[in-house]
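Source file: entry-v4.pdb; contents: PDB, C-alpha atoms.
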```
ATOM      1  CA  ARG A   1      41.793 -21.131-139.788
ATOM      2  CA  VAL A   2      45.059 -20.835-137.898
ATOM      3  CA  LYS A   3      45.517 -23.617-135.368
ATOM      4  CA  PHE A   4      48.007 -23.997-132.541
ATOM      5  CA  CYS A   5      49.317 -27.536-132.350
ATOM      6  CA  GLY A   6      51.403 -26.845-129.296
ATOM      7  CA  ILE A   7      53.316 -24.220-127.398
ATOM      8  CA  THR A   8      56.054 -24.603-124.833
ATOM      9  CA  SER A   9      57.171 -22.400-122.016
ATOM     10  CA  LEU A  10      60.455 -20.601-122.260
ATOM     11  CA  GLU A  11      63.351 -22.970-122.000
ATOM     12  CA  ASP A  12      67.117 -22.845-122.248
ATOM     13  CA  ALA A  13      68.560 -23.437-125.673
ATOM     14  CA  ARG A  14      69.860 -27.000-126.027
ATOM     15  CA  PRO A  15      73.125 -27.560-127.893
ATOM     16  CA  GLU A  16      71.707 -30.532-129.820
ATOM     17  CA  ALA A  17      68.375 -28.982-130.813
ATOM     18  CA  ALA A  18      68.262 -27.214-134.168
ATOM     19  CA  PRO A  19      68.036 -24.351-134.798
ATOM     20  CA  ARG A  20      69.336 -23.392-131.354
ATOM     21  CA  LYS A  21      72.925 -24.545-131.645
ATOM     22  CA  LEU A  22      74.709 -22.777-128.791
ATOM     23  CA  MET A  23      73.875 -22.377-125.144
ATOM     24  CA  ARG A  24      74.199 -18.720-124.162
ATOM     25  CA  LYS A  25      73.863 -17.399-120.665
ATOM     26  CA  ALA A  26      70.754 -15.246-120.142
ATOM     27  CA  TYR A  27      69.260 -16.240-123.503
ATOM     28  CA  ARG A  28      65.898 -18.012-123.481
ATOM     29  CA  THR A  29      63.920 -19.594-126.277
ATOM     30  CA  LEU A  30      60.193 -19.865-126.893
ATOM     31  CA  THR A  31      59.089 -22.590-129.320
ATOM     32  CA  TRP A  32      55.707 -23.410-130.798
ATOM     33  CA  LYS A  33      53.908 -25.213-133.616
ATOM     34  CA  THR A  34      51.103 -23.719-135.698
ATOM     35  CA  THR A  35      49.229 -24.904-138.776
ATOM     36  CA  ASP A  36      46.827 -23.350-141.253
ATOM     37  CA  SER A  37      44.005 -25.511-142.619
ATOM     38  CA  ASP A  38      44.461 -23.988-146.097
ATOM     39  CA  GLY A  39      48.223 -24.425-146.053
ATOM     40  CA  ASP A  40      48.771 -20.635-145.997
ATOM     41  CA  ALA A  41      51.947 -19.134-144.594
ATOM     42  CA  VAL A  42      51.622 -18.225-140.918
ATOM     43  CA  VAL A  43      53.366 -15.184-139.446
ATOM     44  CA  HIS A  44      53.817 -14.779-135.690
ATOM     45  CA  SER A  45      54.184 -11.928-133.239
ATOM     46  CA  LEU A  46      55.220 -12.010-129.569
ATOM     47  CA  GLU A  47      54.276  -9.803-126.639
ATOM     48  CA  PHE A  48      55.048  -9.976-122.934
ATOM     49  CA  ARG A  49      53.832  -8.531-119.669
ATOM     50  CA  PRO A  50      54.993  -8.730-116.071
ATOM     51  CA  LEU A  51      52.758 -11.116-114.143
ATOM     52  CA  SER A  52      51.600  -8.200-111.973
ATOM     53  CA  SER A  53      50.533  -6.103-114.998
ATOM     54  CA  THR A  54      47.715  -6.310-117.535
ATOM     55  CA  ARG A  55      49.527  -4.257-120.198
ATOM     56  CA  TRP A  56      51.066  -6.202-123.085
ATOM     57  CA  VAL A  57      54.376  -4.968-124.512
ATOM     58  CA  PRO A  58      55.431  -5.917-128.079
ATOM     59  CA  LEU A  59      58.560  -8.079-128.131
ATOM     60  CA  GLU A  60      58.903  -9.073-131.808
ATOM     61  CA  ALA A  61      56.737  -9.061-134.948
ATOM     62  CA  ASP A  62      56.866 -10.775-138.349
ATOM     63  CA  ILE A  63      58.380 -14.020-137.046
ATOM     64  CA  ARG A  64      58.289 -16.727-139.701
ATOM     65  CA  GLU A  65      60.124 -19.413-137.746
ATOM     66  CA  THR A  66      58.598 -21.531-134.975
ATOM     67  CA  PHE A  67      60.980 -20.276-132.306
ATOM     68  CA  PHE A  68      62.304 -17.025-130.920
ATOM     69  CA  SER A  69      65.398 -16.504-128.744
ATOM     70  CA  PHE A  70      66.119 -13.326-126.842
ATOM     71  CA  ASP A  71      68.425 -11.827-124.244
ATOM     72  CA  THR A  72      66.613 -11.791-120.893
ATOM     73  CA  THR A  73      69.000  -9.231-119.397
ATOM     74  CA  ALA A  74      66.810  -6.571-121.037
ATOM     75  CA  LEU A  75      64.117  -7.429-118.447
ATOM     76  CA  PRO A  76      64.274  -6.923-114.691
ATOM     77  CA  ASP A  77      64.169 -10.126-112.648
ATOM     78  CA  GLY A  78      60.625 -11.312-112.029
ATOM     79  CA  GLU A  79      57.771 -13.371-113.440
ATOM     80  CA  TYR A  80      56.454 -12.758-116.947
ATOM     81  CA  VAL A  81      53.775 -14.075-119.287
ATOM     82  CA  PHE A  82      54.397 -14.248-123.041
ATOM     83  CA  ARG A  83      51.678 -14.161-125.689
ATOM     84  CA  LEU A  84      52.097 -15.528-129.198
ATOM     85  CA  THR A  85      49.715 -14.477-131.987
ATOM     86  CA  ALA A  86      49.682 -16.375-135.289
ATOM     87  CA  SER A  87      48.077 -14.923-138.426
ATOM     88  CA  ASP A  88      47.525 -15.861-142.071
ATOM     89  CA  ALA A  89      47.022 -12.187-143.028
ATOM     90  CA  GLU A  90      49.835 -12.319-145.565
ATOM     91  CA  ALA A  91      47.885 -14.825-147.697
ATOM     92  CA  ASN A  92      44.419 -13.477-146.785
ATOM     93  CA  PRO A  93      44.721  -9.704-146.335
ATOM     94  CA  GLU A  94      40.967  -9.146-146.705
ATOM     95  CA  GLU A  95      39.814 -11.842-144.282
ATOM     96  CA  PRO A  96      42.747 -12.692-142.049
ATOM     97  CA  LYS A  97      42.456 -15.335-139.344
ATOM     98  CA  THR A  98      44.407 -15.109-136.124
ATOM     99  CA  SER A  99      44.873 -17.196-133.017
ATOM    100  CA  SER A 100      46.696 -16.416-129.755
ATOM    101  CA  ARG A 101      48.125 -18.409-126.888
ATOM    102  CA  GLU A 102      49.802 -17.404-123.600
ATOM    103  CA  THR A 103      52.560 -19.152-121.693
ATOM    104  CA  SER A 104      52.408 -20.057-118.039
ATOM    105  CA  PRO A 105      54.288 -17.576-115.810
ATOM    106  CA  VAL A 106      58.023 -17.656-116.566
ATOM    107  CA  THR A 107      60.686 -16.628-114.059
ATOM    108  CA  ILE A 108      63.453 -14.391-115.383
ATOM    109  CA  ASP A 109      66.437 -14.504-113.035
ATOM    110  CA  ASN A 110      69.788 -12.972-113.971
ATOM    111  CA  SER A 111      70.969 -12.084-110.452
ATOM    112  CA  PRO A 112      73.530 -14.294-108.712
ATOM    113  CA  PRO A 113      72.979 -15.742-105.249
ATOM    114  CA  ALA A 114      74.295 -13.945-102.157
ATOM    115  CA  ILE A 115      76.979 -15.755-100.145
ATOM    116  CA  ARG A 116      77.800 -14.971 -96.512
ATOM    117  CA  ARG A 117      79.749 -16.575 -93.712
ATOM    118  CA  ILE A 118      77.490 -17.277 -90.741
ATOM    119  CA  GLY A 119      79.935 -19.070 -88.485
ATOM    120  CA  SER A 120      83.349 -20.653 -88.196
ATOM    121  CA  GLY A 121      85.192 -22.932 -85.876
ATOM    122  CA  ARG A 122      88.723 -24.242 -85.672
ATOM    123  CA  ALA A 123      88.355 -26.509 -88.690
ATOM    124  CA  ALA A 124      85.016 -25.618 -90.230
ATOM    125  CA  LEU A 125      83.135 -22.785 -91.900
ATOM    126  CA  GLU A 126      79.379 -22.315 -92.090
ATOM    127  CA  ILE A 127      78.148 -20.536 -95.206
ATOM    128  CA  GLU A 128      74.651 -19.362 -96.097
ATOM    129  CA  VAL A 129      73.640 -18.940 -99.742
ATOM    130  CA  ALA A 130      70.415 -17.087-100.588
ATOM    131  CA  ASP A 131      68.820 -16.316-103.939
ATOM    132  CA  ALA A 132      65.873 -13.992-104.543
ATOM    133  CA  ALA A 133      64.262 -15.919-107.405
ATOM    134  CA  SER A 134      65.673 -19.423-107.995
ATOM    135  CA  PRO A 135      66.686 -22.445-105.902
ATOM    136  CA  VAL A 136      70.381 -22.822-105.103
ATOM    137  CA  THR A 137      71.649 -25.885-106.970
ATOM    138  CA  ASP A 138      75.420 -26.072-106.375
ATOM    139  CA  PHE A 139      78.000 -25.015-103.826
ATOM    140  CA  GLU A 140      81.745 -25.644-104.085
ATOM    141  CA  TYR A 141      84.969 -24.554-102.436
ATOM    142  CA  SER A 142      88.608 -24.487-103.469
ATOM    143  CA  VAL A 143      91.729 -24.144-101.340
ATOM    144  CA  ASP A 144      94.424 -21.957-102.906
ATOM    145  CA  ALA A 145      92.455 -21.872-106.202
ATOM    146  CA  ARG A 146      93.059 -25.563-106.867
ATOM    147  CA  GLU A 147      90.547 -28.383-107.206
ATOM    148  CA  TRP A 148      86.881 -27.500-106.621
ATOM    149  CA  VAL A 149      85.100 -29.636-104.013
ATOM    150  CA  ARG A 150      81.310 -29.937-104.052
ATOM    151  CA  VAL A 151      79.490 -29.564-100.731
ATOM    152  CA  GLU A 152      75.951 -30.776-100.075
ATOM    153  CA  PRO A 153      73.599 -28.497 -98.099
ATOM    154  CA  GLU A 154      73.025 -29.162 -94.418
ATOM    155  CA  ASP A 155      69.474 -30.390 -95.084
ATOM    156  CA  GLY A 156      70.790 -32.830 -97.717
ATOM    157  CA  LEU A 157      68.843 -31.467-100.701
ATOM    158  CA  SER A 158      69.541 -28.496-102.998
ATOM    159  CA  ASP A 159      65.955 -27.361-103.562
ATOM    160  CA  SER A 160      65.500 -24.023-101.753
ATOM    161  CA  ARG A 161      66.327 -20.396-102.348
ATOM    162  CA  ARG A 162      68.207 -20.405 -99.039
ATOM    163  CA  GLU A 163      70.699 -23.148 -98.166
ATOM    164  CA  THR A 164      73.326 -23.594 -95.464
ATOM    165  CA  TYR A 165      76.647 -25.369 -96.074
ATOM    166  CA  LYS A 166      79.413 -26.580 -93.778
ATOM    167  CA  ILE A 167      82.984 -26.775 -95.066
ATOM    168  CA  GLU A 168      85.151 -29.199 -93.099
ATOM    169  CA  LEU A 169      88.822 -28.348 -93.570
ATOM    170  CA  LYS A 170      91.791 -30.677 -93.248
ATOM    171  CA  ALA A 171      94.608 -29.684 -90.914
ATOM    172  CA  GLU A 172      96.875 -28.705 -93.823
ATOM    173  CA  GLU A 173      94.162 -26.474 -95.318
ATOM    174  CA  ARG A 174      93.726 -24.233 -92.287
ATOM    175  CA  GLY A 175      94.805 -20.636 -92.725
ATOM    176  CA  ARG A 176      94.960 -20.993 -96.506
ATOM    177  CA  TYR A 177      93.242 -18.982 -99.251
ATOM    178  CA  LEU A 178      89.685 -20.233 -99.652
ATOM    179  CA  LEU A 179      87.354 -19.638-102.591
ATOM    180  CA  VAL A 180      83.655 -20.517-102.536
ATOM    181  CA  ARG A 181      81.114 -20.338-105.327
ATOM    182  CA  ALA A 182      77.389 -20.937-105.586
ATOM    183  CA  THR A 183      75.120 -21.498-108.570
ATOM    184  CA  ASP A 184      71.352 -21.083-108.797
ATOM    185  CA  ALA A 185      68.861 -22.909-111.026
ATOM    186  CA  ALA A 186      69.107 -20.106-113.610
ATOM    187  CA  ARG A 187      72.893 -20.757-113.789
ATOM    188  CA  ASN A 188      73.858 -17.472-112.171
ATOM    189  CA  VAL A 189      77.137 -17.866-110.312
ATOM    190  CA  ALA A 190      78.456 -15.979-107.275
ATOM    191  CA  ALA A 191      81.958 -16.302-105.815
ATOM    192  CA  LEU A 192      83.610 -15.148-102.597
ATOM    193  CA  SER A 193      87.147 -15.368-101.200
ATOM    194  CA  LEU A 194      87.774 -16.049 -97.531
ATOM    195  CA  ASN A 195      90.631 -16.837 -95.191
ATOM    196  CA  ALA A 196      90.288 -20.396 -93.982
ATOM    197  CA  PRO A 197      90.205 -20.584 -90.129
TER
END
```
Show me the file's structure as C-alpha cells.
Amino acid sequence: RVKFCGITSLEDARPEAAPRKLMRKAYRTLTWKTTDSDGDAVVHSLEFRPLSSTRWVPLEADIRETFFSFDTTALPDGEYVFRLTASDAEANPEEPKTSSRETSPVTIDNSPPAIRRIGSGRAALEIEVADAASPVTDFEYSVDAREWVRVEPEDGLSDSRRETYKIELKAEERGRYLLVRATDAARNVAALSLNAP
C-alpha cells in the first residue's frame, strides 16, 4: 500500500533547503512525502489543470525524488490545481498500488504590477499601483537613480492588489529625474521613470 505522509502546496525554493539550493524567479517547487508499507520503491507523476477546467494535463512522470521544481512562465497567469500520483508498480508490476493527492488552488503570477500617476502637486506625486493577481508588497522611489526610498501605502498596509502611494519631495528634489518601482507578492517588479514636479 502506498501512503501519503504529507503534501505541501507549491512554494518558492528556499536557499537553505536541500535539494533546492538557489532561488530562481518564476520557479516553483512542489514537495511531498510518501511511504510504502512493504518498503518498495515509489515512483511519482504530476499533472495539473486550470482551476476552471476538469481536464488534467501531464506535467512530469517517473519522478523518484520527493520534490519537483518547474518554470511557471510556461503557464498563463491564473489559478491551478496540481495532482500527484504515487505508485509501487516498479516493484509490483502485476498488482501495483497507487495513491493520489491534489493541492489546494495555487496562483501562478508572472506579470508585473501596473504603475500610473494619478495626481501631482507642487511637492508631491500620487501614484497608483495595481496588480491583476497578487497583492502589492513594496513601493520605492529614487531621485536621479540614487538611493531607493520605501514608501508606505496611503491606507498604511500593503495587503491589496491596488494601492495608492504619495511621494513627498524635498525642495532640492523638485524637477529632478524620478524613478519608481513596485513589487508584488510573487516578486514581479515594475518600474517607471517620471519628471519630479
Near region 42-56 of chain A, within 8 Å and counting all atoms listed in the file, which residues show up once chain neighbours fewer than 6 positions away are dropped, as an mmCIF file with C-alpha atoms, keeping the file's coordinate frame?
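See out_8.cif below for the written result:
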```
data_model
loop_
_atom_site.group_PDB
_atom_site.id
_atom_site.type_symbol
_atom_site.label_atom_id
_atom_site.label_comp_id
_atom_site.auth_asym_id
_atom_site.auth_seq_id
_atom_site.Cartn_x
_atom_site.Cartn_y
_atom_site.Cartn_z
ATOM 1 C CA VAL A 2 45.059 -20.835 -137.898
ATOM 2 C CA THR A 34 51.103 -23.719 -135.698
ATOM 3 C CA THR A 35 49.229 -24.904 -138.776
ATOM 4 C CA ASP A 36 46.827 -23.350 -141.253
ATOM 5 C CA ASP A 62 56.866 -10.775 -138.349
ATOM 6 C CA ILE A 63 58.380 -14.020 -137.046
ATOM 7 C CA ARG A 64 58.289 -16.727 -139.701
ATOM 8 C CA GLY A 78 60.625 -11.312 -112.029
ATOM 9 C CA GLU A 79 57.771 -13.371 -113.440
ATOM 10 C CA TYR A 80 56.454 -12.758 -116.947
ATOM 11 C CA VAL A 81 53.775 -14.075 -119.287
ATOM 12 C CA PHE A 82 54.397 -14.248 -123.041
ATOM 13 C CA ARG A 83 51.678 -14.161 -125.689
ATOM 14 C CA LEU A 84 52.097 -15.528 -129.198
ATOM 15 C CA THR A 85 49.715 -14.477 -131.987
ATOM 16 C CA ALA A 86 49.682 -16.375 -135.289
ATOM 17 C CA SER A 87 48.077 -14.923 -138.426
ATOM 18 C CA ASP A 88 47.525 -15.861 -142.071
ATOM 19 C CA ALA A 89 47.022 -12.187 -143.028
ATOM 20 C CA GLU A 90 49.835 -12.319 -145.565
ATOM 21 C CA PRO A 105 54.288 -17.576 -115.810
#
```
Written as a PyMOL selection string, which residues does the PyMOL selection byres ((chain A and resi 136-152) around 7) give for the file shown?
chain A and resi 131+134-135+153-154+156+158-163+165+173+176-185
Give as JSON, numbers by chain the residues that the PyMOL selection byres ((chain A and resi 174) around 9) matches when applied to the coordinates above.
{"A": [122, 123, 169, 170, 171, 172, 173, 175, 176, 177, 195, 196, 197]}
Axis-aligned box for all listed atoms of region 67-73 of chain A, 3 Å per side, centre and edges in Å to one decimal, as AutoDock Vina command-line options:
```
--center_x 65.0 --center_y -14.8 --center_z -125.9 --size_x 14.0 --size_y 17.0 --size_z 18.9
```
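In this structure, CA of Arg187 (chain A) sits 9.9 Å away from CA of Pro113 (chain A).
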Between CA of Ala191 (chain A) and CA of Ala114 (chain A), measure the distance and give it in Å to one decimal.
8.8 Å
With the file shown as input, list the residues that the PyMOL selection byres ((chain A and resi 127) around 8) selects, as a PyMOL selection string.
chain A and resi 115-119+125-126+128-129+164-167
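Between CA of Thr66 (chain A) and CA of Pro96 (chain A) lies a distance of 19.5 Å.
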Taking into account only C-alpha atoms, which residue in the set A:Asn188, A:Ser37, A:Thr31, A:Thr72 is nearest to Ile108 (chain A)?
A:Thr72
Using only C-alpha atoms, which residue out of A:Asp109, A:Leu59, A:Tyr27, A:Asp38 lies closest to Asp71 (chain A)?
A:Tyr27
